[in-house]
Amino acid sequence: MHFFKSAATVALLTGAYVVSAETGEKGDAPITENNSDRVVYEAVFSSSNIKSARFNFTGTEDGVGVLIHACFTGVNASQPGPYPYHVHDFLVGPNGNCTATGAHLDPYLRGEVTACDADAPETCQVGDLSGKHGKASLEAAKGTWCTSYVDKYLSLNSDDEAFIGNERSIVFHNVNKTRIGCGNIVLAKEQMSGGGSYPSANATATSTGEPPIATGGATRVGASGLALGAILAIGAMLL
Ligand SMILES: [Cu+2]
């Protein structure tokens with residue numbers, strides 16, 4: 001439906017027959033639901049080309065989509081930006097090998113020959129976060145640059161094709177697509193609706209500090225939502 005509308009609009013504007021947004025072989029990505037704001041996933045990493053990258057993924061108050069906070073600090077000035085970043089298919093390899101992470105999370109088989117159209121995010125690769133929400137700014141090479149948004153197509157539910165918790169990773173690229181940093185997405189916190197929480201194998205590092213993020217839903221924005229101590233502790237475990 002959207003495809004038809006976009007194509008028609010472009011045809012009207014240009015007088016040409018142009019396909020504006022390519023969608024997946026398996027169709028558009030559906031908007032995800034039932035993403036609990038009590039579930040927190042994180043990815044924290046550094047490399048010789050980036051001092052730190054921190055991602056925090058939680059559900060939303062209405063359960064639609066995944067709320068993402070991300071901060072990038074100290075990108076090596078020799079690396080040209082702005083910087084694309086994505087959810088990739090596999091875990092980081094031994095010694096921080098980013099090639100091992102494979103391709104972008106793309107359960108609807110959209111491919112990446114045609115660039116993501118941010119005005120039609122449902123047609124983009126699910127893992128193409130910077131395609132949908134913008135690349136990381138050059139500010140990340142001068143200091144810290146943070147962003148926050150809800151992506152409606154990622155899922156925190158293991159039975160969803162767009163689930164990010166089953167051994168996925170984040171890869172940070174320079175503008176030429178070279179992989180200059182990567183880290184695994186790990187479960188940081190999961191609380192059942194009964195009020196109790198149970199630690200996962202990956203959550204033990206948070207037990208001595210504040211929770212990585214307060215469970216208040218989608219109203220929080222900015223880096224202040226990140227409890228750096230807990231996140232750094234997890235990062236240390238991954239080293
Ligand atoms: Cu990538």
# chains A, B, ... in the order shown; residues from 1 in each chain; ligands from 1
>>> residues_near_ligand(ligand="ligand 1", cutoff="8 Å", atoms="only C-alpha atoms and all ligand atoms", output="PyMOL selection string")
chain A and resi 84-88+103-104+128+170-173+177+179
>>> write_last_selection(atoms="all heavy atoms", output="CSV table (one decimal), in the first residue's frame")
chain,number,residue,atom,x,y,z
A,84,PRO,N,27.4,5.1,10.0
A,84,PRO,CA,26.3,4.2,10.0
A,84,PRO,C,26.4,3.1,11.1
A,84,PRO,O,27.6,2.8,11.5
A,84,PRO,CB,26.3,3.5,8.6
A,84,PRO,CG,27.3,4.2,7.9
A,84,PRO,CD,28.3,4.9,8.8
A,85,TYR,N,25.3,2.6,11.6
A,85,TYR,CA,25.4,1.5,12.6
A,85,TYR,C,24.1,0.7,12.5
A,85,TYR,O,23.1,1.1,12.1
A,85,TYR,CB,25.6,2.0,14.0
A,85,TYR,CG,24.4,2.9,14.5
A,85,TYR,CD1,23.4,2.4,15.2
A,85,TYR,CD2,24.4,4.3,14.2
A,85,TYR,CE1,22.3,3.2,15.6
A,85,TYR,CE2,23.4,5.1,14.6
A,85,TYR,CZ,22.3,4.5,15.3
A,85,TYR,OH,21.3,5.3,15.7
A,86,HIS,N,24.3,-0.6,12.8
A,86,HIS,CA,23.2,-1.6,12.5
A,86,HIS,C,23.2,-2.7,13.5
A,86,HIS,O,24.2,-3.0,14.2
A,86,HIS,CB,23.4,-2.2,11.1
A,86,HIS,CG,23.9,-1.3,10.1
A,86,HIS,ND1,25.1,-1.3,9.6
A,86,HIS,CD2,23.2,-0.3,9.4
A,86,HIS,CE1,25.3,-0.4,8.6
A,86,HIS,NE2,24.1,0.2,8.5
A,87,VAL,N,22.0,-3.4,13.6
A,87,VAL,CA,22.0,-4.7,14.3
A,87,VAL,C,22.4,-5.7,13.2
A,87,VAL,O,21.9,-5.8,12.1
A,87,VAL,CB,20.5,-5.0,14.7
A,87,VAL,CG1,20.5,-6.4,15.4
A,87,VAL,CG2,20.0,-3.9,15.7
A,88,HIS,N,23.4,-6.5,13.6
A,88,HIS,CA,23.9,-7.5,12.7
A,88,HIS,C,23.5,-8.9,13.2
A,88,HIS,O,23.1,-9.1,14.3
A,88,HIS,CB,25.5,-7.5,12.6
A,88,HIS,CG,25.9,-6.4,11.7
A,88,HIS,ND1,26.8,-6.7,10.6
A,88,HIS,CD2,25.7,-5.1,11.6
A,88,HIS,CE1,27.0,-5.5,9.9
A,88,HIS,NE2,26.4,-4.5,10.5
A,103,ALA,N,25.8,-10.2,8.2
A,103,ALA,CA,25.1,-9.1,7.6
A,103,ALA,C,24.1,-8.4,8.6
A,103,ALA,O,24.1,-8.8,9.7
A,103,ALA,CB,24.4,-9.6,6.4
A,104,HIS,N,23.4,-7.5,8.0
A,104,HIS,CA,22.3,-6.8,8.9
A,104,HIS,C,21.2,-7.7,9.2
A,104,HIS,O,20.8,-8.6,8.4
A,104,HIS,CB,21.8,-5.6,8.1
A,104,HIS,CG,22.9,-4.6,7.8
A,104,HIS,ND1,22.7,-3.7,6.8
A,104,HIS,CD2,24.1,-4.4,8.3
A,104,HIS,CE1,23.8,-2.9,6.7
A,104,HIS,NE2,24.6,-3.4,7.6
A,128,ASP,N,18.7,-2.0,10.2
A,128,ASP,CA,19.4,-0.8,9.6
A,128,ASP,C,19.0,0.5,10.5
A,128,ASP,O,18.2,1.3,10.0
A,128,ASP,CB,19.0,-0.6,8.2
A,128,ASP,CG,19.8,0.5,7.5
A,128,ASP,OD1,20.6,1.2,8.2
A,128,ASP,OD2,19.6,0.8,6.3
A,170,ILE,N,25.8,-5.3,17.5
A,170,ILE,CA,25.7,-3.9,16.9
A,170,ILE,C,27.1,-3.7,16.3
A,170,ILE,O,28.1,-4.0,16.9
A,170,ILE,CB,25.5,-2.8,18.0
A,170,ILE,CG1,24.1,-2.9,18.6
A,170,ILE,CG2,25.8,-1.5,17.4
A,170,ILE,CD1,23.0,-2.4,17.7
A,171,VAL,N,27.1,-3.2,15.0
A,171,VAL,CA,28.3,-2.9,14.4
A,171,VAL,C,28.3,-1.4,14.0
A,171,VAL,O,27.3,-0.9,13.5
A,171,VAL,CB,28.5,-3.7,13.1
A,171,VAL,CG1,29.8,-3.2,12.3
A,171,VAL,CG2,28.7,-5.2,13.4
A,172,PHE,N,29.4,-0.7,14.3
A,172,PHE,CA,29.6,0.7,14.0
A,172,PHE,C,30.5,0.8,12.8
A,172,PHE,O,31.6,0.2,12.8
A,172,PHE,CB,30.2,1.3,15.3
A,172,PHE,CG,30.3,2.8,15.3
A,172,PHE,CD1,29.1,3.6,15.4
A,172,PHE,CD2,31.5,3.5,15.1
A,172,PHE,CE1,29.2,5.0,15.4
A,172,PHE,CE2,31.6,4.8,15.1
A,172,PHE,CZ,30.4,5.6,15.3
A,173,HIS,N,30.2,1.6,11.9
A,173,HIS,CA,31.0,1.7,10.6
A,173,HIS,C,31.5,3.1,10.4
A,173,HIS,O,30.8,4.1,10.9
A,173,HIS,CB,30.1,1.4,9.4
A,173,HIS,CG,29.4,0.0,9.4
A,173,HIS,ND1,29.8,-1.0,8.6
A,173,HIS,CD2,28.4,-0.4,10.1
A,173,HIS,CE1,29.0,-2.0,8.8
A,173,HIS,NE2,28.1,-1.7,9.7
A,177,LYS,N,31.6,2.4,5.1
A,177,LYS,CA,31.1,1.1,5.6
A,177,LYS,C,32.1,0.2,6.2
A,177,LYS,O,31.7,-1.0,6.6
A,177,LYS,CB,30.4,0.3,4.4
A,177,LYS,CG,29.2,1.1,3.8
A,177,LYS,CD,28.4,0.2,2.9
A,177,LYS,CE,27.2,1.0,2.3
A,177,LYS,NZ,26.6,0.3,1.2
A,179,ARG,N,33.9,-1.6,9.0
A,179,ARG,CA,33.5,-1.9,10.4
A,179,ARG,C,34.6,-1.4,11.4
A,179,ARG,O,35.7,-2.0,11.4
A,179,ARG,CB,33.2,-3.4,10.6
A,179,ARG,CG,32.2,-3.8,9.6
A,179,ARG,CD,31.9,-5.3,9.6
A,179,ARG,NE,31.0,-5.7,8.5
A,179,ARG,CZ,30.2,-6.7,8.5
A,179,ARG,NH1,30.2,-7.6,9.5
A,179,ARG,NH2,29.3,-6.9,7.5
>>> residues_around(residues="region 108-124 of chain A", least_positions_apart="2", cutoff="7 Å", atoms="only C-alpha atoms", output="mmCIF file with C-alpha atoms, in the first residue's frame")
data_model
loop_
_atom_site.group_PDB
_atom_site.id
_atom_site.type_symbol
_atom_site.label_atom_id
_atom_site.label_comp_id
_atom_site.auth_asym_id
_atom_site.auth_seq_id
_atom_site.Cartn_x
_atom_site.Cartn_y
_atom_site.Cartn_z
ATOM 1 C CA ALA A 21 11.146 2.215 -1.747
ATOM 2 C CA GLU A 22 12.099 -1.368 -2.171
ATOM 3 C CA THR A 23 10.584 -3.745 0.310
ATOM 4 C CA GLY A 24 11.476 -7.246 1.464
ATOM 5 C CA GLU A 25 10.864 -10.454 -0.436
ATOM 6 C CA LYS A 26 8.747 -11.377 2.539
ATOM 7 C CA GLY A 27 7.073 -7.981 2.579
ATOM 8 C CA ASP A 28 7.262 -4.953 4.836
ATOM 9 C CA ALA A 29 8.408 -5.302 8.425
ATOM 10 C CA PRO A 30 5.365 -5.369 10.715
ATOM 11 C CA ASP A 106 16.983 -8.623 7.729
ATOM 12 C CA VAL A 126 14.983 -4.261 10.357
ATOM 13 C CA ASP A 128 19.352 -0.771 9.632
ATOM 14 C CA GLY A 131 19.137 4.119 7.747
ATOM 15 C CA LYS A 132 15.855 4.575 9.589
ATOM 16 C CA HIS A 133 16.937 7.038 12.281
#
>>> closest_atom_pairs(of="region 18-65 of chain A", to="region 136-143 of chain A", cutoff="10 Å", atoms="only C-alpha atoms", output="Markdown table")
| residue | atom | partner | partner_atom | distance |
| --- | --- | --- | --- | --- |
| A:Asn49 | CA | A:Ala141 | CA | 9.7 |
| A:Ile50 | CA | A:Ala141 | CA | 8.4 |
| A:Lys51 | CA | A:Ala141 | CA | 9.7 |
| A:Ser52 | CA | A:Ala140 | CA | 9.9 |
| A:Ala53 | CA | A:Ala140 | CA | 9.7 |
>>> write_last_selection(atoms="C-alpha atoms", output="compact mmCIF listing (two decimals), in the first residue's frame")
# COMPACT_ATOMS: atom_id res chain seq x y z
CA ASN A 49 38.64 3.45 16.63
CA ILE A 50 35.95 4.28 19.18
CA LYS A 51 36.44 4.90 22.88
CA SER A 52 32.96 3.75 23.78
CA ALA A 53 29.61 2.92 22.27
>>> closest_residue(among="A:Gly74, A:Gly63, A:Gly127, A:Gly165", to="Gly102 (chain A)", atoms="only C-alpha atoms")
A:Gly127
>>> residues_around(residues="Arg54 (chain A)", least_positions_apart="4", cutoff="6 Å", atoms="only C-alpha atoms", output="ChimeraX atom specification")
/A:43-44,70-71
>>> atom_distance(atom1="CA of Gly93 (chain A)", atom2="CA of Lys189 (chain A)")
24.0 Å
>>> select_by_dssp(residues="region 42-133 of chain A", states="strand (DSSP E or B)", output="PyMOL selection string")
chain A and resi 42-47+50-58+66-75+83+85-88+93+97+104
>>> write_last_selection(atoms="N, CA, C and O atoms", output="compact mmCIF listing (two decimals), in the first residue's frame")
# COMPACT_ATOMS: atom_id res chain seq x y z
N GLU A 42 21.32 -4.55 26.30
CA GLU A 42 22.38 -3.56 26.15
C GLU A 42 23.46 -4.06 25.19
O GLU A 42 23.62 -5.27 25.01
N ALA A 43 24.16 -3.12 24.63
CA ALA A 43 25.39 -3.44 23.90
C ALA A 43 26.39 -2.35 24.27
O ALA A 43 26.07 -1.16 24.20
N VAL A 44 27.55 -2.76 24.71
CA VAL A 44 28.60 -1.82 25.11
C VAL A 44 29.90 -2.30 24.49
O VAL A 44 30.23 -3.48 24.61
N PHE A 45 30.58 -1.41 23.82
CA PHE A 45 31.85 -1.85 23.24
C PHE A 45 32.79 -0.70 23.01
O PHE A 45 32.41 0.48 23.09
N SER A 46 34.04 -1.05 22.76
CA SER A 46 35.06 -0.07 22.38
C SER A 46 36.01 -0.77 21.42
O SER A 46 35.97 -2.00 21.28
N SER A 47 36.81 0.03 20.76
CA SER A 47 37.80 -0.55 19.84
C SER A 47 38.91 0.48 19.68
O SER A 47 38.85 1.55 20.29
N ILE A 50 37.01 3.61 18.43
CA ILE A 50 35.95 4.28 19.18
C ILE A 50 36.13 3.98 20.66
O ILE A 50 36.26 2.82 21.07
N LYS A 51 36.17 5.06 21.45
CA LYS A 51 36.44 4.90 22.88
C LYS A 51 35.30 4.15 23.54
O LYS A 51 35.52 3.24 24.34
N SER A 52 34.07 4.53 23.24
CA SER A 52 32.96 3.75 23.78
C SER A 52 31.71 3.95 22.95
O SER A 52 31.45 5.05 22.44
N ALA A 53 30.95 2.88 22.85
CA ALA A 53 29.61 2.92 22.27
C ALA A 53 28.70 2.20 23.25
O ALA A 53 29.06 1.14 23.77
N ARG A 54 27.57 2.80 23.55
CA ARG A 54 26.65 2.20 24.52
C ARG A 54 25.24 2.23 23.94
O ARG A 54 24.76 3.28 23.51
N PHE A 55 24.61 1.10 23.95
CA PHE A 55 23.23 0.99 23.49
C PHE A 55 22.40 0.40 24.61
O PHE A 55 22.82 -0.50 25.32
N ASN A 56 21.19 0.92 24.71
CA ASN A 56 20.23 0.44 25.69
C ASN A 56 18.92 0.25 24.94
O ASN A 56 18.45 1.17 24.27
N PHE A 57 18.35 -0.95 25.03
CA PHE A 57 17.10 -1.27 24.32
C PHE A 57 16.06 -1.67 25.36
O PHE A 57 16.29 -2.62 26.14
N THR A 58 14.93 -1.01 25.38
CA THR A 58 13.84 -1.45 26.28
C THR A 58 12.54 -1.41 25.50
O THR A 58 12.44 -0.78 24.44
N VAL A 66 10.62 -0.68 20.13
CA VAL A 66 11.70 -0.74 21.11
C VAL A 66 12.32 0.65 21.24
O VAL A 66 12.64 1.29 20.25
N LEU A 67 12.44 1.08 22.51
CA LEU A 67 13.06 2.37 22.79
C LEU A 67 14.57 2.19 22.85
O LEU A 67 15.06 1.34 23.60
N ILE A 68 15.27 2.98 22.08
CA ILE A 68 16.73 2.86 22.00
C ILE A 68 17.38 4.15 22.46
O ILE A 68 17.00 5.23 22.03
N HIS A 69 18.35 3.99 23.35
CA HIS A 69 19.26 5.09 23.67
C HIS A 69 20.63 4.65 23.20
O HIS A 69 21.03 3.52 23.46
N ALA A 70 21.34 5.54 22.53
CA ALA A 70 22.68 5.18 22.10
C ALA A 70 23.60 6.38 22.25
O ALA A 70 23.21 7.51 21.96
N CYS A 71 24.81 6.14 22.73
CA CYS A 71 25.84 7.18 22.83
C CYS A 71 27.14 6.66 22.25
O CYS A 71 27.53 5.51 22.49
N PHE A 72 27.80 7.53 21.51
CA PHE A 72 29.08 7.19 20.89
C PHE A 72 30.09 8.24 21.35
O PHE A 72 29.83 9.44 21.24
N THR A 73 31.23 7.78 21.83
CA THR A 73 32.23 8.69 22.38
C THR A 73 33.60 8.42 21.77
O THR A 73 34.01 7.25 21.66
N GLY A 74 34.27 9.50 21.40
CA GLY A 74 35.68 9.40 21.05
C GLY A 74 35.97 8.57 19.82
O GLY A 74 36.88 7.73 19.82
N VAL A 75 35.24 8.82 18.75
CA VAL A 75 35.57 8.14 17.50
C VAL A 75 36.90 8.72 16.98
O VAL A 75 37.11 9.93 17.02
N TYR A 83 28.53 8.25 10.70
CA TYR A 83 28.79 6.84 10.95
C TYR A 83 27.52 5.99 10.95
O TYR A 83 26.67 6.14 11.83
N TYR A 85 25.34 2.60 11.64
CA TYR A 85 25.41 1.50 12.62
C TYR A 85 24.15 0.65 12.47
O TYR A 85 23.09 1.15 12.09
N HIS A 86 24.30 -0.62 12.77
CA HIS A 86 23.21 -1.57 12.51
C HIS A 86 23.17 -2.68 13.54
O HIS A 86 24.18 -2.97 14.18
N VAL A 87 22.03 -3.37 13.60
CA VAL A 87 21.97 -4.67 14.28
C VAL A 87 22.43 -5.69 13.25
O VAL A 87 21.88 -5.75 12.14
N HIS A 88 23.44 -6.48 13.62
CA HIS A 88 23.93 -7.52 12.72
C HIS A 88 23.49 -8.91 13.20
O HIS A 88 23.08 -9.08 14.34
N GLY A 93 33.12 -12.01 16.79
CA GLY A 93 34.03 -13.15 16.79
C GLY A 93 35.14 -13.00 17.81
O GLY A 93 35.23 -11.99 18.53
N ASN A 97 36.43 -9.59 16.51
CA ASN A 97 36.32 -9.63 15.06
C ASN A 97 34.91 -9.25 14.59
O ASN A 97 33.95 -9.99 14.79
N HIS A 104 23.35 -7.51 8.04
CA HIS A 104 22.35 -6.82 8.86
C HIS A 104 21.17 -7.73 9.18
O HIS A 104 20.81 -8.58 8.36
>>> closest_residue(among="A:Ser36, A:Gln191, A:Ser48, A:Ser130", to="Asn76 (chain A)", atoms="only C-alpha atoms")
A:Ser48
>>> decode(residues="region 124-138 of chain A", atoms="C-alpha atoms", output="mmCIF file, in the first residue's frame")
data_model
loop_
_atom_site.group_PDB
_atom_site.id
_atom_site.type_symbol
_atom_site.label_atom_id
_atom_site.label_comp_id
_atom_site.auth_asym_id
_atom_site.auth_seq_id
_atom_site.Cartn_x
_atom_site.Cartn_y
_atom_site.Cartn_z
ATOM 1 C CA CYS A 124 14.061 -1.021 5.386
ATOM 2 C CA GLN A 125 16.151 -3.824 6.777
ATOM 3 C CA VAL A 126 14.983 -4.261 10.357
ATOM 4 C CA GLY A 127 18.568 -3.929 11.599
ATOM 5 C CA ASP A 128 19.352 -0.771 9.632
ATOM 6 C CA LEU A 129 19.076 1.610 12.573
ATOM 7 C CA SER A 130 21.036 4.472 11.026
ATOM 8 C CA GLY A 131 19.137 4.119 7.747
ATOM 9 C CA LYS A 132 15.855 4.575 9.589
ATOM 10 C CA HIS A 133 16.937 7.038 12.281
ATOM 11 C CA GLY A 134 20.041 8.798 10.986
ATOM 12 C CA LYS A 135 23.758 8.110 11.108
ATOM 13 C CA ALA A 136 25.853 8.962 14.144
ATOM 14 C CA SER A 137 27.059 12.542 13.888
ATOM 15 C CA LEU A 138 30.619 13.745 13.395
#
